[in-house]
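See structure below.
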Amino acid sequence: MTRTFVVGLDGASWRLLDPWIEAGDLPNLAALRAESSWAETRSCLPPVTFPNWKCYSSGKDPGGFGVFWFERVDLANERIEVTNGSDFHTAELWDYLNDEGRSTGVVNMPTMFPPRDIDGPVICGGPDAVQGEYRTIDSGYTSPSDLEDELAERFDYRVHPDPLLSSNDERGAEVDAILDVLEKRFEVALWLFEERDLDFVHVTLFYLNVLQHFFWDEEPTKRAWELIDEWLGRLRDLEDTNLVLMSDHGSAPTTTEFYVNEWLAENGYQAHERTVEDFLRPLGLTRERALSVAKRAGIVDLLAATVPERIQQLVPQSAGLKRDRKLEAIDLSRTQAVASGQGPVYLMPGVGDSVRDRLIEDLRGVTDEHGNIFTDVYRGEDIYNGPYVDEAPEIVVDQRPGVHVNDGIGGGTIQTGPDRWAAENTPNGIFLASGPDFESEGELDQISITDMAPTILAASGTAPATDMVGEVLPIVAGDVPEERRDPIDIGDGAGGQNSEEVTERLQQLGYME
């Protein structure tokens with residue numbers, strides 16, 4: 001029986017890879033493209049880790065499982081919380097493979113912490129499996145639980161690199177630590193695949209996109225892709241094995257930082273109040289500078305362990321207040337809209353359609369020297385499908401490639417050049433399918449990220465579920481199941497994770513600056 005090995009390449013885009021492929025720097029990836037079916041993909045909006053890894057594995061857009069970004073905004077109750085694995089209400093492709101008697105393994109999949117039981121090993125990964133801003137996690141990240149001891153003994157396995165990369169000035173130990181982590185991901189996934197004779201394995205290389213964010217196409221990123229290419233050569237030689245490459249979204253060089261909540265305030269949709277950060281920031285005291293000094297002095301762990309969280313949170317970030325602290329800076333009684341980063345905009349309860357229509361048109365008209373900031377602006381119900389559409393943001397912006405929509409409040413500016421990231425997410429990722437169960441059709445027209453799970457399932461002879469919005473791509477060799485099956489109900493998913501710890505890790509990496 002043919003088995004399947006899926007490599008998830010966080011933030012991968014043909015835009016980055018094509019010059020290296022053409023130059024002969026990635027020979028195994030070039031060979032795979034020549035003998036496979038491959039395509040540029042379209043992510044669900046917003047094009048970020050949360051929610052798009054689950055869009056891939058479930059075959060649904062966020063309206064199908066209830067998570068629309070890293071944070072959940074509840075303006076009726078004046079609350080903003082970071083999402084975690086328990087907030088995704090959906091079965092995934094490995095659940096359907098298990099239901100058909102296929103054994104599966106999942107390595108380093110974002111959106112899966114804490115781990116839940118499937119028929120096979122689960123190893124959780126970044127960015128959600130955390131134990132504080134500067135400390136990695138060393139327990140509770142696998143199913144079965146004793147697998148973590150074996151990983152430590154055999155591979156000296158780390159969930160997160162250490163030291164953690166936090167700026168594009170760090171090109172030494174921080175980059176080496178990420179490369180080591182990527183290597184270990186491959187080693188562990190292939191070991192599980194062979195040692196346990198699994199029918200299906202998925203492995204995610206999350207920290208690949210951290211390199212792309214900070215360095216784009218410079219040497220640290222290229223080193224990572226050369227390492228990946230070597231491993232693709234090994235995986236390509238496996239017998240009776242399908243090899244699937246995919247990404248949750250793409251990336252492009254950052255040209256513009258757009259502070260959406262500052263824009264909302266400037267244009268009368270939001271009212272701000274002064275906070276303690278407004279007095280500290282002019283003094284040059286920011287969290288980024290404090291971290292840089294602590295790293296140079298070698299006291300990061302000491303400060304993380306001894307300085308209370310409430311004190312750490314008082315140190316302002318260069319990009320302004322984030323997550324629930326945004327609400328400290330907003331007078332909600334005089335506000336109509338509050339935005340998350342990279343796409344979602346929520347309206348206050350009672351704000352009518354006339355305000356939403358005007359705000360959509362105003363956002364569509366925002367420009368800089370490169371043109372429109374947004375390629376389009378949508379009503380949430382027009383782009384999402386499923387039982388959770390009522391929880392969706394009322395407005396979703398599609399940021400132009402190279403634009404980073406930043407939701408920080410208090411920085412005092414609406415538009416700047418690039419801040420921390422050299423590259424920003426885009427909706428245009430990659431997909432490649434090679435092996436006995438797939439036809440070699442060459443380059444396809446653009447596909448949706450939601451098409452991947454139905455296609456992988458159909459190639460294995462498993463019917464996709466009726467609640468999957470994705471389609472089976474015309475690349476499956478052999479018969480495709482004629483009818484769709486009933487969805488699997490997995491209940492409420494895994495248990496919760498401390499949202500403060502998730503927030504800290506995302507801030508450190510720049511996802512929630």
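Scheme for the structure tokens: letters A, B, ... for chains in order shown; per-chain residue numbers from 1; ligand numbers from 1 in order shown.
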*Where does DSSP see helix (DSSP H, G or I) in stretch 22-174 of chain A, if you list the residues as JSON, numbers by chain?*
{"A": [22, 27, 28, 29, 30, 31, 32, 33, 34, 49, 50, 51, 52, 53, 54, 55, 56, 57, 58, 62, 63, 64, 75, 76, 77, 85, 86, 87, 93, 94, 95, 96, 97, 98, 99, 147, 148, 149, 150, 151, 152, 153, 154, 155, 173, 174]}
Wanna dump the stretch 424-443 of chain A-stretch 237-241 of chain A contacts at 9 Å for me, each residue with its shortest atom pair and the distance in Å to one decimal, counting only C-alpha atoms, ordered by chain and number, as CSV?
residue,atom,partner,partner_atom,distance
A:Ser434,CA,A:Thr241,CA,8.7
A:Gly435,CA,A:Thr241,CA,6.1
A:Pro436,CA,A:Asp240,CA,6.8
A:Asp437,CA,A:Thr241,CA,8.6
Produce a file of the selected residues containing N, CA and C atoms, as a PDB file, in the first residue's frame.
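Written out: result-v4.pdb:
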ATOM      1  N   SER A 434       3.584  14.468  -5.510  1.00  0.00           N
ATOM      2  CA  SER A 434       4.354  13.545  -6.335  1.00  0.00           C
ATOM      3  C   SER A 434       4.221  12.147  -5.754  1.00  0.00           C
ATOM      4  N   GLY A 435       4.254  11.140  -6.614  1.00  0.00           N
ATOM      5  CA  GLY A 435       4.208   9.772  -6.115  1.00  0.00           C
ATOM      6  C   GLY A 435       3.178   8.923  -6.827  1.00  0.00           C
ATOM      7  N   PRO A 436       3.054   7.656  -6.438  1.00  0.00           N
ATOM      8  CA  PRO A 436       2.196   6.708  -7.164  1.00  0.00           C
ATOM      9  C   PRO A 436       0.728   7.109  -7.242  1.00  0.00           C
ATOM     10  N   ASP A 437       0.214   7.818  -6.249  1.00  0.00           N
ATOM     11  CA  ASP A 437      -1.215   8.137  -6.218  1.00  0.00           C
ATOM     12  C   ASP A 437      -1.557   9.458  -6.884  1.00  0.00           C
TER      13      ASP A 437
END
*Which parts of stretch 211-266 of chain A does DSSP call strand (DSSP E or B) when run on the backbone here, written out as a PyMOL selection string?*
chain A and resi 241-246+250-253+256-259
Go ahead and save the picked residues with all heavy atoms, as a JSON list (two decimals), in the first residue's frame.
[["chain", "number", "residue", "atom", "x", "y", "z"],
["A", 241, "THR", "N", 5.87, 5.70, -1.87],
["A", 241, "THR", "CA", 5.53, 6.81, -1.00],
["A", 241, "THR", "C", 5.15, 8.03, -1.82],
["A", 241, "THR", "O", 5.88, 8.44, -2.73],
["A", 241, "THR", "CB", 6.72, 7.17, -0.08],
["A", 241, "THR", "OG1", 7.06, 6.03, 0.71],
["A", 241, "THR", "CG2", 6.37, 8.33, 0.84],
["A", 242, "ASN", "N", 4.00, 8.61, -1.49],
["A", 242, "ASN", "CA", 3.64, 9.92, -2.02],
["A", 242, "ASN", "C", 4.36, 10.99, -1.21],
["A", 242, "ASN", "O", 4.44, 10.90, 0.02],
["A", 242, "ASN", "CB", 2.14, 10.17, -1.90],
["A", 242, "ASN", "CG", 1.31, 9.13, -2.63],
["A", 242, "ASN", "OD1", 1.58, 8.80, -3.78],
["A", 242, "ASN", "ND2", 0.28, 8.62, -1.96],
["A", 243, "LEU", "N", 4.86, 12.00, -1.89],
["A", 243, "LEU", "CA", 5.49, 13.14, -1.22],
["A", 243, "LEU", "C", 4.70, 14.40, -1.58],
["A", 243, "LEU", "O", 4.56, 14.74, -2.76],
["A", 243, "LEU", "CB", 6.94, 13.29, -1.66],
["A", 243, "LEU", "CG", 7.72, 14.46, -1.04],
["A", 243, "LEU", "CD1", 7.74, 14.38, 0.47],
["A", 243, "LEU", "CD2", 9.15, 14.51, -1.60],
["A", 244, "VAL", "N", 4.17, 15.05, -0.55],
["A", 244, "VAL", "CA", 3.39, 16.27, -0.73],
["A", 244, "VAL", "C", 4.10, 17.41, -0.03],
["A", 244, "VAL", "O", 4.47, 17.29, 1.14],
["A", 244, "VAL", "CB", 1.96, 16.12, -0.17],
["A", 244, "VAL", "CG1", 1.19, 17.44, -0.29],
["A", 244, "VAL", "CG2", 1.22, 15.00, -0.90],
["A", 245, "LEU", "N", 4.32, 18.52, -0.74],
["A", 245, "LEU", "CA", 4.86, 19.74, -0.16],
["A", 245, "LEU", "C", 3.76, 20.79, -0.16],
["A", 245, "LEU", "O", 3.00, 20.91, -1.13],
["A", 245, "LEU", "CB", 6.05, 20.27, -0.96],
["A", 245, "LEU", "CG", 7.15, 19.28, -1.36],
["A", 245, "LEU", "CD1", 8.26, 20.01, -2.09],
["A", 245, "LEU", "CD2", 7.69, 18.55, -0.14],
["A", 246, "MET", "N", 3.66, 21.56, 0.91],
["A", 246, "MET", "CA", 2.63, 22.58, 0.97],
["A", 246, "MET", "C", 3.04, 23.67, 1.97],
["A", 246, "MET", "O", 3.93, 23.46, 2.80],
["A", 246, "MET", "CB", 1.27, 21.98, 1.37],
["A", 246, "MET", "CG", 1.25, 21.09, 2.59],
["A", 246, "MET", "SD", 1.32, 21.95, 4.19],
["A", 246, "MET", "CE", -0.09, 23.05, 4.09],
["A", 250, "GLY", "N", 2.16, 32.37, 1.79],
["A", 250, "GLY", "CA", 3.42, 32.74, 1.19],
["A", 250, "GLY", "C", 4.05, 33.91, 1.90],
["A", 250, "GLY", "O", 3.70, 34.24, 3.03],
["A", 251, "SER", "N", 5.00, 34.56, 1.22],
["A", 251, "SER", "CA", 5.68, 35.71, 1.81],
["A", 251, "SER", "C", 6.22, 36.60, 0.70],
["A", 251, "SER", "O", 6.36, 36.18, -0.45],
["A", 251, "SER", "CB", 6.81, 35.25, 2.73],
["A", 251, "SER", "OG", 7.66, 34.32, 2.09],
["A", 252, "ALA", "N", 6.50, 37.84, 1.07],
["A", 252, "ALA", "CA", 7.04, 38.82, 0.12],
["A", 252, "ALA", "C", 7.76, 39.90, 0.90],
["A", 252, "ALA", "O", 7.46, 40.13, 2.08],
["A", 252, "ALA", "CB", 5.90, 39.45, -0.71],
["A", 253, "PRO", "N", 8.73, 40.59, 0.28],
["A", 253, "PRO", "CA", 9.47, 41.63, 1.00],
["A", 253, "PRO", "C", 8.54, 42.71, 1.54],
["A", 253, "PRO", "O", 7.64, 43.17, 0.85],
["A", 253, "PRO", "CB", 10.41, 42.20, -0.07],
["A", 253, "PRO", "CG", 10.50, 41.16, -1.12],
["A", 253, "PRO", "CD", 9.18, 40.45, -1.11],
["A", 256, "THR", "N", 5.82, 48.29, 3.55],
["A", 256, "THR", "CA", 5.00, 49.26, 4.29],
["A", 256, "THR", "C", 4.46, 48.65, 5.57],
["A", 256, "THR", "O", 3.98, 47.51, 5.57],
["A", 256, "THR", "CB", 3.79, 49.71, 3.43],
["A", 256, "THR", "OG1", 4.27, 50.23, 2.19],
["A", 256, "THR", "CG2", 2.98, 50.78, 4.14],
["A", 257, "GLU", "N", 4.54, 49.41, 6.65],
["A", 257, "GLU", "CA", 3.92, 49.06, 7.92],
["A", 257, "GLU", "C", 2.71, 49.97, 8.08],
["A", 257, "GLU", "O", 2.84, 51.20, 8.12],
["A", 257, "GLU", "CB", 4.90, 49.27, 9.07],
["A", 257, "GLU", "CG", 4.55, 48.56, 10.33],
["A", 257, "GLU", "CD", 5.19, 47.18, 10.42],
["A", 257, "GLU", "OE1", 6.02, 46.84, 9.56],
["A", 257, "GLU", "OE2", 4.84, 46.44, 11.37],
["A", 258, "PHE", "N", 1.52, 49.38, 8.13],
["A", 258, "PHE", "CA", 0.28, 50.17, 8.22],
["A", 258, "PHE", "C", -0.39, 49.90, 9.57],
["A", 258, "PHE", "O", -0.80, 48.77, 9.86],
["A", 258, "PHE", "CB", -0.68, 49.79, 7.08],
["A", 258, "PHE", "CG", -1.96, 50.58, 7.09],
["A", 258, "PHE", "CD1", -1.99, 51.87, 6.60],
["A", 258, "PHE", "CD2", -3.13, 50.03, 7.59],
["A", 258, "PHE", "CE1", -3.18, 52.61, 6.61],
["A", 258, "PHE", "CE2", -4.32, 50.75, 7.60],
["A", 258, "PHE", "CZ", -4.33, 52.05, 7.11],
["A", 259, "TYR", "N", -0.48, 50.94, 10.39],
["A", 259, "TYR", "CA", -1.06, 50.82, 11.73],
["A", 259, "TYR", "C", -2.56, 51.08, 11.65],
["A", 259, "TYR", "O", -3.02, 52.22, 11.69],
["A", 259, "TYR", "CB", -0.36, 51.78, 12.69],
["A", 259, "TYR", "CG", 1.06, 51.37, 12.97],
["A", 259, "TYR", "CD1", 2.10, 51.72, 12.11],
["A", 259, "TYR", "CD2", 1.37, 50.60, 14.08],
["A", 259, "TYR", "CE1", 3.40, 51.32, 12.35],
["A", 259, "TYR", "CE2", 2.67, 50.18, 14.34],
["A", 259, "TYR", "CZ", 3.67, 50.55, 13.47],
["A", 259, "TYR", "OH", 4.96, 50.13, 13.72]]
*Tell me, as a VMD selection string, which residues lie within 7 Å of A:Tyr384, counting only C-alpha atoms; anything in the same chain fewer than 4 positions away does not count.*
chain A and resid 61 to 63 380 389
Would you write out those residues with N, CA, C and O atoms, as a CSV table (one decimal), in the first residue's frame?
chain,number,residue,atom,x,y,z
A,61,ASP,N,-12.6,26.8,5.6
A,61,ASP,CA,-12.2,28.1,5.9
A,61,ASP,C,-12.5,28.4,7.4
A,61,ASP,O,-13.2,27.6,8.1
A,62,PRO,N,-12.1,29.5,7.9
A,62,PRO,CA,-12.3,29.8,9.4
A,62,PRO,C,-13.7,29.8,9.8
A,62,PRO,O,-14.0,29.5,11.0
A,63,GLY,N,-14.7,30.0,8.9
A,63,GLY,CA,-16.1,29.9,9.3
A,63,GLY,C,-16.5,28.5,9.7
A,63,GLY,O,-17.5,28.3,10.3
A,380,GLY,N,-17.2,40.0,6.2
A,380,GLY,CA,-16.8,38.7,6.7
A,380,GLY,C,-17.7,37.6,6.2
A,380,GLY,O,-17.2,36.5,5.8
A,389,VAL,N,-19.7,31.5,11.2
A,389,VAL,CA,-19.6,32.8,10.5
A,389,VAL,C,-20.1,34.0,11.3
A,389,VAL,O,-19.6,35.1,11.2
_Show me, as a ChimeraX atom specification, the residues that have an atom within 10 Å of A:Thr142 when counting only C-alpha atoms, minus same-chain residues fewer than 2 positions from it._
/A:106-108,113-117,121-125,139-140,144-149,151
Do you know which residues are at most 12 Å from A:Asp197 counting only C-alpha atoms, after dropping those on the same chain fewer than 2 positions away, and could you put them as a PDB file with C-alpha atoms, in the first residue's frame?
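Result written to around-v3.pdb:
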ATOM      1  CA  MET A   1       0.000   0.000   0.000  1.00  0.00           C
ATOM      2  CA  THR A   2       1.261   3.476  -0.884  1.00  0.00           C
ATOM      3  CA  ARG A   3       2.075   5.703   2.056  1.00  0.00           C
ATOM      4  CA  THR A   4       2.124   9.520   2.199  1.00  0.00           C
ATOM      5  CA  PHE A   5       4.666  11.952   3.645  1.00  0.00           C
ATOM      6  CA  ARG A 102      -4.820   4.166   8.402  1.00  0.00           C
ATOM      7  CA  SER A 103      -2.140   4.960  10.988  1.00  0.00           C
ATOM      8  CA  THR A 104      -0.934   8.562  11.087  1.00  0.00           C
ATOM      9  CA  GLY A 105       1.678  10.768  12.737  1.00  0.00           C
ATOM     10  CA  GLY A 120      -0.423   7.486  15.962  1.00  0.00           C
ATOM     11  CA  PRO A 121       2.099   9.882  17.505  1.00  0.00           C
ATOM     12  CA  ALA A 189       9.335  12.520  11.202  1.00  0.00           C
ATOM     13  CA  LEU A 190      11.237  10.029   9.039  1.00  0.00           C
ATOM     14  CA  TRP A 191      12.109   7.897  12.088  1.00  0.00           C
ATOM     15  CA  LEU A 192       8.444   7.700  13.118  1.00  0.00           C
ATOM     16  CA  PHE A 193       7.382   7.007   9.528  1.00  0.00           C
ATOM     17  CA  GLU A 194       9.776   4.066   9.199  1.00  0.00           C
ATOM     18  CA  GLU A 195      10.059   2.796  12.783  1.00  0.00           C
ATOM     19  CA  ASP A 199       0.629   5.119   6.568  1.00  0.00           C
ATOM     20  CA  PHE A 200       0.763   8.916   6.780  1.00  0.00           C
ATOM     21  CA  VAL A 201       3.038  11.518   8.352  1.00  0.00           C
ATOM     22  CA  THR A 241       5.531   6.810  -0.996  1.00  0.00           C
TER      23      THR A 241
END
*Show which residues sit within 8 Å of stretch 47-59 of chain A, as an MDAnalysis selection string. Count only C-alpha atoms, and ignore same-chain residues fewer than 4 positions away.*
chainID A and resid 10 43 67:70 88 90:94 109:111 248:250 342 425:427 449:454 468:470
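Comparing the minimum interatomic distances between A:Leu208 and each of A:Met112, A:Leu457, A:Ile395, A:Val175, counting only C-alpha atoms, we find that A:Val175 sits nearest.
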*Tell me, in Å to one decimal, how far atom CA of A:Leu17 is from atom CA of A:Glu35.*
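Separation of atom CA of A:Leu17 and atom CA of A:Glu35: 17.2 Å.
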